[in-house]
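*Asks:* If it helps, the file is called structure12.cif and holds mmCIF, C-alpha atoms:
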data_upload
loop_
_atom_site.label_atom_id
_atom_site.label_comp_id
_atom_site.auth_asym_id
_atom_site.auth_seq_id
_atom_site.Cartn_x
_atom_site.Cartn_y
_atom_site.Cartn_z
CA MET G 1225 76.42 -90.89 146.75
CA VAL G 1226 75.60 -88.19 149.30
CA TYR G 1227 78.34 -87.28 151.79
CA SER G 1228 77.53 -86.22 155.36
CA VAL G 1229 79.14 -82.95 156.45
CA ALA G 1230 80.01 -81.26 159.73
CA ILE G 1231 81.25 -77.66 159.96
CA ALA G 1232 83.27 -76.74 163.03
CA GLY G 1233 83.01 -72.99 163.59
CA ALA G 1234 79.91 -72.61 161.46
CA SER G 1235 78.76 -69.44 163.25
CA GLY G 1236 81.44 -67.27 161.62
CA TYR G 1237 81.66 -65.70 158.17
CA VAL G 1238 83.56 -68.62 156.64
CA GLY G 1239 81.20 -71.14 158.19
CA GLY G 1240 78.22 -69.26 156.82
CA GLU G 1241 79.75 -69.11 153.37
CA LEU G 1242 80.44 -72.84 153.45
CA LEU G 1243 76.78 -73.44 154.29
CA ARG G 1244 75.68 -71.19 151.42
CA MET G 1245 77.82 -73.10 148.94
CA ILE G 1246 76.97 -76.55 150.28
CA ALA G 1247 73.29 -75.71 149.70
CA GLN G 1248 74.14 -75.67 145.98
CA HIS G 1249 76.08 -78.94 146.03
CA PRO G 1250 74.08 -82.02 144.97
CA GLN G 1251 76.21 -84.51 146.90
CA LEU G 1252 76.76 -82.81 150.25
CA GLU G 1253 74.38 -82.88 153.22
CA VAL G 1254 75.03 -80.84 156.36
CA LYS G 1255 74.36 -82.87 159.49
CA THR G 1256 76.18 -80.95 162.22
CA VAL G 1257 77.22 -77.35 162.87
CA THR G 1258 79.39 -76.44 165.85
CA ALA G 1259 80.33 -73.19 167.54
CA ASN G 1260 81.89 -71.80 170.68
CA SER G 1261 80.02 -68.89 172.28
CA ASN G 1262 76.94 -69.44 170.09
CA VAL G 1263 76.14 -72.98 171.23
CA GLY G 1264 72.37 -73.42 171.54
CA GLN G 1265 71.51 -70.79 168.94
CA THR G 1266 70.24 -71.70 165.50
CA VAL G 1267 71.82 -71.09 162.12
CA GLY G 1268 68.86 -68.87 161.24
CA SER G 1269 69.62 -66.52 164.13
CA LEU G 1270 73.16 -65.78 162.86
CA HIS G 1271 72.82 -66.46 159.13
CA PRO G 1272 69.22 -65.45 158.38
CA HIS G 1273 69.76 -65.75 154.62
CA LEU G 1274 70.41 -69.50 154.92
CA ARG G 1275 66.78 -70.61 155.12
CA GLU G 1276 67.57 -74.21 154.21
CA PHE G 1277 69.65 -74.61 157.37
CA ALA G 1278 67.83 -72.15 159.64
CA HIS G 1279 66.61 -74.93 161.97
CA LEU G 1280 70.05 -76.41 162.70
CA GLU G 1281 71.31 -75.75 166.22
CA PHE G 1282 74.94 -75.04 167.02
CA VAL G 1283 76.52 -77.66 169.28
CA ASP G 1284 79.86 -77.87 171.07
CA THR G 1285 82.98 -78.49 169.02
CA ASN G 1286 84.09 -81.85 170.39
CA ALA G 1287 85.07 -85.31 169.15
CA GLN G 1288 81.65 -86.82 169.82
CA ASN G 1289 79.75 -84.22 167.79
CA LEU G 1290 82.18 -84.35 164.87
CA ALA G 1291 82.52 -88.13 164.70
CA GLY G 1292 80.81 -90.22 162.04
CA HIS G 1293 80.81 -87.66 159.21
CA ASP G 1294 82.30 -88.20 155.77
CA VAL G 1295 83.56 -84.61 155.62
CA VAL G 1296 84.52 -82.09 158.30
CA PHE G 1297 85.29 -78.45 157.51
CA LEU G 1298 87.31 -76.54 160.10
CA ALA G 1299 86.39 -72.84 160.04
CA MET G 1300 88.19 -71.90 163.22
CA PRO G 1301 90.86 -69.50 164.50
CA HIS G 1302 94.50 -70.37 163.93
CA THR G 1303 95.87 -73.09 166.27
CA LYS G 1304 92.34 -74.24 167.16
CA SER G 1305 92.07 -76.23 163.92
CA ALA G 1306 95.05 -78.39 164.83
CA GLU G 1307 93.53 -79.21 168.21
CA VAL G 1308 90.25 -80.33 166.65
CA ALA G 1309 91.91 -82.16 163.74
CA ALA G 1310 93.73 -84.39 166.21
CA LEU G 1311 90.35 -85.71 167.39
CA LEU G 1312 89.14 -86.81 163.95
CA SER G 1313 89.35 -90.20 162.23
CA PRO G 1314 92.04 -90.58 159.54
CA GLU G 1315 89.27 -91.86 157.25
CA THR G 1316 87.38 -88.54 157.42
CA LEU G 1317 88.05 -85.92 154.75
CA VAL G 1318 89.08 -82.84 156.74
CA LEU G 1319 89.50 -79.39 155.16
CA ASP G 1320 91.07 -76.69 157.30
CA CYS G 1321 90.15 -73.14 156.31
CA GLY G 1322 92.69 -71.73 158.76
CA ALA G 1323 96.48 -71.49 158.55
CA ASP G 1324 97.51 -74.38 160.78
CA PHE G 1325 98.61 -76.78 158.03
CA ARG G 1326 99.57 -74.51 155.12
CA LEU G 1327 103.28 -74.06 155.78
CA GLU G 1328 105.87 -76.74 155.08
CA GLU G 1329 108.69 -75.19 157.13
CA PRO G 1330 108.45 -75.16 160.97
CA THR G 1331 110.83 -72.19 161.08
CA ALA G 1332 108.45 -70.12 158.93
CA TRP G 1333 105.54 -71.06 161.21
CA ASP G 1334 107.50 -70.08 164.30
CA LYS G 1335 108.53 -66.73 162.81
CA PHE G 1336 105.06 -65.64 161.67
CA TYR G 1337 102.71 -67.48 164.05
CA GLY G 1338 104.74 -68.79 166.97
CA GLY G 1339 104.21 -71.99 168.93
CA PRO G 1340 104.44 -75.61 167.77
CA HIS G 1341 104.13 -76.36 164.07
CA ALA G 1342 101.21 -78.75 163.54
CA GLY G 1343 102.52 -80.12 160.25
CA HIS G 1344 101.68 -79.75 156.58
CA TRP G 1345 98.60 -80.98 154.70
CA THR G 1346 98.00 -81.14 150.95
CA TYR G 1347 97.56 -77.58 149.75
CA GLY G 1348 94.11 -76.79 148.36
CA MET G 1349 94.86 -74.56 145.38
CA PRO G 1350 94.27 -76.75 142.30
CA GLU G 1351 95.54 -74.13 139.82
CA LEU G 1352 98.87 -73.61 141.61
CA ILE G 1353 101.71 -74.22 139.15
CA THR G 1354 104.30 -76.55 140.67
CA GLU G 1355 107.61 -78.17 139.77
CA ALA G 1356 108.84 -74.98 138.09
CA GLY G 1357 106.01 -75.04 135.58
CA ARG G 1358 105.87 -78.77 134.93
CA GLY G 1359 102.92 -79.65 137.16
CA LEU G 1360 99.77 -78.46 138.90
CA GLN G 1361 98.68 -78.82 142.52
CA ARG G 1362 95.43 -80.38 141.24
CA GLU G 1363 97.37 -83.60 140.61
CA HIS G 1364 98.08 -83.98 144.33
CA LEU G 1365 94.51 -83.56 145.61
CA ALA G 1366 92.87 -86.75 144.30
CA GLY G 1367 91.98 -89.14 147.12
CA VAL G 1368 93.58 -87.15 149.96
CA LYS G 1369 92.01 -87.02 153.43
CA ARG G 1370 93.57 -83.79 154.71
CA VAL G 1371 93.49 -80.44 152.87
CA ALA G 1372 94.92 -77.07 153.90
CA VAL G 1373 92.76 -74.39 152.28
CA PRO G 1374 94.87 -71.39 151.11
CA GLY G 1375 94.75 -67.91 152.59
CA CYS G 1376 92.70 -65.37 150.65
CA ASN G 1377 95.52 -62.85 150.13
CA ALA G 1378 97.84 -65.66 149.13
CA THR G 1379 95.31 -66.85 146.56
CA ALA G 1380 94.90 -63.45 144.92
CA ILE G 1381 98.66 -62.90 144.64
CA THR G 1382 99.72 -66.46 143.79
CA LEU G 1383 97.27 -66.83 140.92
CA ALA G 1384 98.40 -63.45 139.59
CA LEU G 1385 102.15 -64.08 139.66
CA ALA G 1386 102.76 -67.82 139.27
CA PRO G 1387 102.35 -68.07 135.46
CA GLY G 1388 104.91 -65.33 134.85
CA MET G 1389 107.44 -66.95 137.12
CA ALA G 1390 106.94 -70.42 135.67
CA ALA G 1391 107.43 -69.04 132.14
CA GLU G 1392 110.38 -66.91 133.29
CA VAL G 1393 108.98 -63.69 131.87
CA ILE G 1394 109.19 -61.89 135.22
CA GLU G 1395 111.92 -61.84 137.85
CA THR G 1396 111.48 -63.55 141.22
CA HIS G 1397 112.88 -60.65 143.25
CA ASP G 1398 111.69 -57.06 143.73
CA ILE G 1399 108.02 -58.08 143.67
CA VAL G 1400 105.53 -55.63 145.16
CA SER G 1401 101.84 -56.34 145.78
CA VAL G 1402 99.28 -53.94 147.24
CA LEU G 1403 95.84 -55.37 148.02
CA GLN G 1404 92.53 -53.65 148.63
CA VAL G 1405 90.71 -55.97 151.04
CA GLY G 1406 87.10 -56.06 152.26
CA THR G 1407 86.35 -56.11 155.98
CA SER G 1408 85.00 -59.68 156.04
CA GLY G 1409 88.59 -60.85 155.72
CA ALA G 1410 89.10 -59.85 159.35
CA GLY G 1411 86.40 -62.24 160.61
CA ARG G 1412 83.21 -61.74 162.58
CA THR G 1413 84.72 -60.85 165.95
CA LEU G 1414 84.09 -57.19 166.79
CA LYS G 1415 87.21 -55.04 166.35
CA ALA G 1416 87.36 -51.33 167.06
CA ASN G 1417 88.97 -50.54 163.69
CA LEU G 1418 86.14 -52.33 161.86
CA LEU G 1419 83.31 -50.30 163.38
CA ALA G 1420 81.23 -48.53 160.73
CA SER G 1421 82.25 -45.18 162.19
CA GLU G 1422 85.92 -46.07 161.65
CA ILE G 1423 85.88 -47.83 158.27
CA MET G 1424 83.32 -45.85 156.27
CA GLY G 1425 84.99 -43.32 153.99
CA SER G 1426 88.46 -44.45 155.01
CA ALA G 1427 91.21 -46.87 154.00
CA SER G 1428 94.02 -48.14 156.21
CA ALA G 1429 97.05 -50.33 155.64
CA TYR G 1430 97.80 -53.23 157.99
CA GLY G 1431 100.41 -55.96 158.24
CA VAL G 1432 102.93 -53.41 156.96
CA GLY G 1433 106.65 -54.09 156.70
CA GLY G 1434 106.78 -57.76 155.73
CA VAL G 1435 105.03 -59.02 158.85
CA HIS G 1436 101.76 -60.26 157.35
CA ARG G 1437 101.27 -63.95 158.07
CA HIS G 1438 100.54 -64.85 154.45
CA THR G 1439 104.10 -63.87 153.45
CA PRO G 1440 105.71 -67.31 153.94
CA GLU G 1441 102.74 -69.03 152.29
CA LEU G 1442 103.13 -66.79 149.25
CA GLU G 1443 106.85 -67.36 148.95
CA GLN G 1444 106.33 -71.11 149.39
CA ASN G 1445 103.79 -71.12 146.53
CA LEU G 1446 105.84 -68.99 144.17
CA ARG G 1447 108.97 -70.99 144.88
CA LYS G 1448 107.10 -74.08 143.64
CA ALA G 1449 106.04 -72.25 140.48
CA SER G 1450 109.45 -70.81 139.65
CA GLY G 1451 111.88 -73.35 141.09
CA LYS G 1452 113.79 -70.40 142.56
CA ALA G 1453 113.95 -68.46 145.79
CA VAL G 1454 111.28 -65.74 145.82
CA GLN G 1455 111.11 -62.51 147.79
CA ILE G 1456 107.93 -60.47 147.92
CA ASN G 1457 106.71 -57.37 149.68
CA PHE G 1458 102.96 -57.12 150.02
CA THR G 1459 100.73 -54.72 151.87
CA PRO G 1460 96.99 -55.22 152.39
CA VAL G 1461 94.80 -52.14 152.66
CA LEU G 1462 91.46 -52.36 154.44
CA VAL G 1463 88.80 -50.58 152.40
CA PRO G 1464 85.09 -49.88 153.00
CA MET G 1465 83.57 -52.86 151.20
CA SER G 1466 82.25 -55.98 152.88
CA ARG G 1467 84.02 -58.55 150.70
CA GLY G 1468 86.48 -58.89 147.85
CA ILE G 1469 90.18 -58.47 147.14
CA LEU G 1470 91.76 -56.41 144.36
CA ALA G 1471 95.49 -57.15 144.15
CA VAL G 1472 97.82 -54.91 142.16
CA ASN G 1473 101.06 -56.84 141.66
CA THR G 1474 104.22 -55.59 139.93
CA ALA G 1475 107.40 -57.44 139.00
CA LYS G 1476 110.46 -56.74 136.84
CA LEU G 1477 110.16 -57.77 133.21
CA ALA G 1478 112.79 -60.44 132.50
CA ALA G 1479 115.58 -59.48 130.11
CA GLY G 1480 114.72 -60.05 126.46
CA LYS G 1481 111.01 -60.64 127.09
CA THR G 1482 108.24 -58.73 125.33
CA ALA G 1483 104.62 -57.86 126.00
CA ILE G 1484 103.66 -60.69 123.65
CA ASP G 1485 105.68 -63.17 125.75
CA VAL G 1486 104.03 -61.88 128.89
CA ARG G 1487 100.46 -62.25 127.70
CA LYS G 1488 101.17 -65.68 126.22
CA ALA G 1489 102.46 -66.92 129.61
CA TRP G 1490 99.21 -66.15 131.42
CA GLU G 1491 96.85 -67.13 128.63
CA THR G 1492 98.59 -70.49 128.19
CA ALA G 1493 98.65 -71.23 131.93
CA TYR G 1494 94.94 -70.59 132.43
CA ALA G 1495 93.55 -71.58 129.02
CA ASN G 1496 91.67 -74.59 130.43
CA GLU G 1497 91.00 -73.41 133.97
CA PRO G 1498 87.29 -73.12 134.80
CA PHE G 1499 87.77 -70.61 137.61
CA VAL G 1500 90.69 -68.40 136.51
CA HIS G 1501 90.23 -66.09 133.53
CA VAL G 1502 92.64 -63.69 131.82
CA LEU G 1503 90.90 -60.57 130.52
CA PRO G 1504 91.53 -59.15 127.04
CA GLU G 1505 94.35 -56.67 126.58
CA GLY G 1506 93.53 -53.29 128.09
CA GLU G 1507 90.88 -54.68 130.47
CA PHE G 1508 91.28 -54.98 134.24
CA PRO G 1509 89.05 -56.62 136.85
CA ALA G 1510 86.84 -55.12 139.53
CA THR G 1511 85.76 -56.85 142.72
CA SER G 1512 82.11 -56.35 141.80
CA SER G 1513 82.61 -58.81 138.94
CA VAL G 1514 83.54 -61.72 141.21
CA LEU G 1515 81.22 -61.29 144.20
CA GLY G 1516 79.70 -64.59 145.26
CA VAL G 1517 81.51 -66.74 142.69
CA ASN G 1518 84.56 -68.99 142.72
CA THR G 1519 86.32 -66.95 140.05
CA CYS G 1520 89.64 -65.12 139.79
CA LEU G 1521 89.86 -62.47 137.07
CA ILE G 1522 93.25 -61.24 135.89
CA GLY G 1523 94.32 -58.21 133.84
CA ILE G 1524 97.88 -57.71 132.57
CA ALA G 1525 99.91 -54.75 131.33
CA VAL G 1526 103.58 -54.09 130.63
CA ASP G 1527 104.94 -50.78 131.88
CA GLU G 1528 107.63 -50.20 129.28
CA HIS G 1529 108.80 -47.01 131.00
CA ALA G 1530 109.51 -48.76 134.32
CA GLY G 1531 110.41 -52.14 132.84
CA ARG G 1532 107.80 -53.85 134.98
CA VAL G 1533 104.81 -56.11 134.47
CA VAL G 1534 101.57 -55.15 136.24
CA ILE G 1535 99.16 -57.97 137.04
CA VAL G 1536 95.81 -57.06 138.59
CA SER G 1537 93.71 -59.86 140.10
CA ALA G 1538 90.28 -59.84 141.72
CA ILE G 1539 88.62 -62.50 143.85
CA ASP G 1540 85.85 -62.77 146.41
CA ASN G 1541 87.83 -63.44 149.58
CA MET G 1542 84.97 -65.51 151.01
CA VAL G 1543 84.58 -67.73 147.93
CA LYS G 1544 87.67 -68.23 145.76
CA GLY G 1545 89.64 -67.00 148.75
CA THR G 1546 88.20 -69.53 151.22
CA ALA G 1547 84.93 -71.48 151.00
CA GLY G 1548 84.94 -71.94 147.23
CA ALA G 1549 88.52 -73.18 147.30
CA ALA G 1550 87.51 -75.65 150.01
CA ILE G 1551 84.59 -77.01 147.94
CA GLN G 1552 86.75 -77.17 144.80
CA SER G 1553 89.39 -79.16 146.68
CA LEU G 1554 86.74 -81.40 148.22
CA ASN G 1555 85.44 -82.26 144.76
CA LEU G 1556 88.90 -83.31 143.63
CA ALA G 1557 89.59 -85.26 146.82
CA LEU G 1558 86.33 -87.21 146.50
CA GLY G 1559 86.62 -87.75 142.75
CA LEU G 1560 83.62 -85.54 141.94
CA PRO G 1561 83.44 -83.10 139.01
CA GLU G 1562 85.59 -80.15 140.00
CA GLN G 1563 82.82 -77.63 139.31
CA SER G 1564 80.15 -79.36 141.40
CA GLY G 1565 78.28 -76.90 143.61
CA LEU G 1566 80.31 -73.95 142.36
CA ALA G 1567 79.24 -70.98 140.28
CA VAL G 1568 81.11 -70.66 136.99
CA ASN G 1569 81.43 -67.32 135.17
CA GLY G 1570 78.90 -65.82 137.55
CA VAL G 1571 76.18 -68.31 136.72
CA ALA G 1572 75.01 -70.75 139.40
CA PRO G 1573 75.19 -74.42 138.34
#
Is it possible to express this structure as structure tokens?
*Replies:*
Amino acid sequence: MVYSVAIAGASGYVGGELLRMIAQHPQLEVKTVTANSNVGQTVGSLHPHLREFAHLEFVDTNAQNLAGHDVVFLAMPHTKSAEVAALLSPETLVLDCGADFRLEEPTAWDKFYGGPHAGHWTYGMPELITEAGRGLQREHLAGVKRVAVPGCNATAITLALAPGMAAEVIETHDIVSVLQVGTSGAGRTLKANLLASEIMGSASAYGVGGVHRHTPELEQNLRKASGKAVQINFTPVLVPMSRGILAVNTAKLAAGKTAIDVRKAWETAYANEPFVHVLPEGEFPATSSVLGVNTCLIGIAVDEHAGRVVIVSAIDNMVKGTAGAAIQSLNLALGLPEQSGLAVNGVAP
């Protein structure tokens, strides 16, 4: 069966990445692409590398244009997704690449985003360890019609830390994560701090002091993995690369645990995961190794001097961090092979 697809907000980076990945998927067919200020332009004018879809013309994002599709991706700014989702049939599979439906707690939404909380959809991170290590989020995605695609920073940190918390080899407090993030994570809208003259040869921290909007999403995820309250401090650093995230995460080594226990926790958790790989001892990932693929690479070390575990993870923020996660979740929701249309180990299917 071939499923008809519409992408709302297809003119942006995420929309373009969804188109690139759908071109590789044997059971998805793009019928409609919508935009805001780019209505009337073609896909080829904004995404010239997408020759297969170059002829498609961007139309208005409204109920009429999005109706009648099997699948609708929402690649829109926060709060806009909820407005559009309300127009769609409950029988349509809808995947929101924004933040509108990620958080379970209205109070967390109000604190970090403000305004009405739109609700919570099934979270689209199949590898997320849940029920304090007794389950996986994958089990909740089969047959669903609404999916909240995770945030890219949240993906890099969650996949790095969850196995250690579930196995109780690291503590759930005093966690520090520092991320090196490519500029595509800020979207396509022109920002003064993203001009080439400002970003080249420079790095700058943002969302400093516990105010980054992915904080409650992270703590929500890690609370599911550990079964305990979790407190994390993370700081993203904008660096002069177009895409990718390298997350350096540190946590206290739990009392009585050894380096052998630590490595076993991660290797056991991800032994059968097609898209998350633990590197051999002494090896650590680079963002160049995950560009364009739906892969998370993880390196682990124990700092005996400081009594801390260091977990380094690398993802492509546009793929495993967004579009790839959406396609992976779509496959599970529709009952398709989870790897359909996704590159595995850097090799296109």
*Asks:* Could you state which residues are captured by the PyMOL selection byres ((chain G and resi 1503) around 12) in this file, as a count of residues only?
*Replies:* 26
*Asks:* To verify the selection step, state as a VMD selection string which residues the PyMOL selection byres ((chain G and resi 1240-1253) around 9) yields on this input.
*Replies:* chain G and resid 1225 to 1231 1234 to 1239 1254 to 1255 1267 1270 to 1271 1273 to 1274 1276 to 1277 1295 1297 1299 1542 to 1543 1546 to 1548 1550 to 1551 1560 1564 to 1567 1572 to 1573
*Asks:* Go through the shown structure with the PyMOL selection byres ((chain G and resi 1264) around 9) and write out the matching residues as a list in words.
*Replies:* Ala1259, Ser1261, Asn1262, Val1263, Gln1265, Thr1266, Glu1281, Phe1282, Val1283 and Asp1284 of chain G
*Asks:* For a quick check of understanding, using all atoms listed in the file, which of G:Pro1374, G:Gly1468, G:Pro1440, G:Gly1233 has the smallest distance to Ser1305 of chain G?
*Replies:* G:Gly1233
*Asks:* Kindly indicate which residue among G:Val1463, G:Met1389, G:Ala1449, G:Leu1327 lies nearest to Leu1352 of chain G, using all atoms listed in the file for the distances.
*Replies:*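 Distance minimum relative to Leu1352 of chain G lands on G:Ala1449.
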*Asks:* Within 12 Å of Ala1429 of chain G, counting all atoms listed in the file, which residues qualify if same-chain residues fewer than 2 places away don't, as JSON, numbers by chain?
*Replies:* {"G": [1402, 1403, 1404, 1405, 1406, 1417, 1423, 1426, 1427, 1431, 1432, 1433, 1436, 1458, 1459, 1460, 1461, 1462, 1463]}
*Asks:* Could you tell me which of G:Val1257, G:Leu1319, G:Ile1539, G:Val1533 comes closest to Thr1382 of chain G if we count only C-alpha atoms?
*Replies:*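 Checking each of G:Val1257, G:Leu1319, G:Ile1539, G:Val1533 against Thr1382 of chain G, counting only C-alpha atoms, the winner is G:Ile1539.
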*Asks:* For atom CA of Asn1541 of chain G and atom CA of Ala1309 of chain G, quote the distance in Å rounded to one decimal.
*Replies:*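 Rounded to one decimal, the two atoms are 23.8 Å apart.
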*Asks:* Grab the atom CA of Val1393 of chain G to atom CA of Gln1444 of chain G distance for me, in Å with one decimal place.
*Replies:* 19.2 Å
*Asks:* May I have the residues within 8 Å of Ala1391 of chain G as a list in words, using only C-alpha atoms and disregarding those fewer than 4 positions away in the same chain?
*Replies:*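 Near Ala1391 of chain G, the qualifying residues are Gly1357, Pro1387, Ser1450 and Ala1489 of chain G.
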*Asks:* Work out how far apart atom CA of Asp1334 of chain G and atom CA of Gly1322 of chain G are and give it in Å to one decimal.
*Replies:*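 Interatomic distance here is 15.9 Å.
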*Asks:* At a cut-off of 10 Å around the point (111.5, -74.1, 153.5) (file coordinates), what residues fall inside when counting only C-alpha atoms? I'd like the answer as a list in words.
*Replies:*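 Residues satisfying the cut-off, written out: Leu1327, Glu1328, Glu1329, Pro1330, Thr1331, Ala1332, Pro1440, Glu1443, Gln1444, Arg1447 and Ala1453 of chain G.
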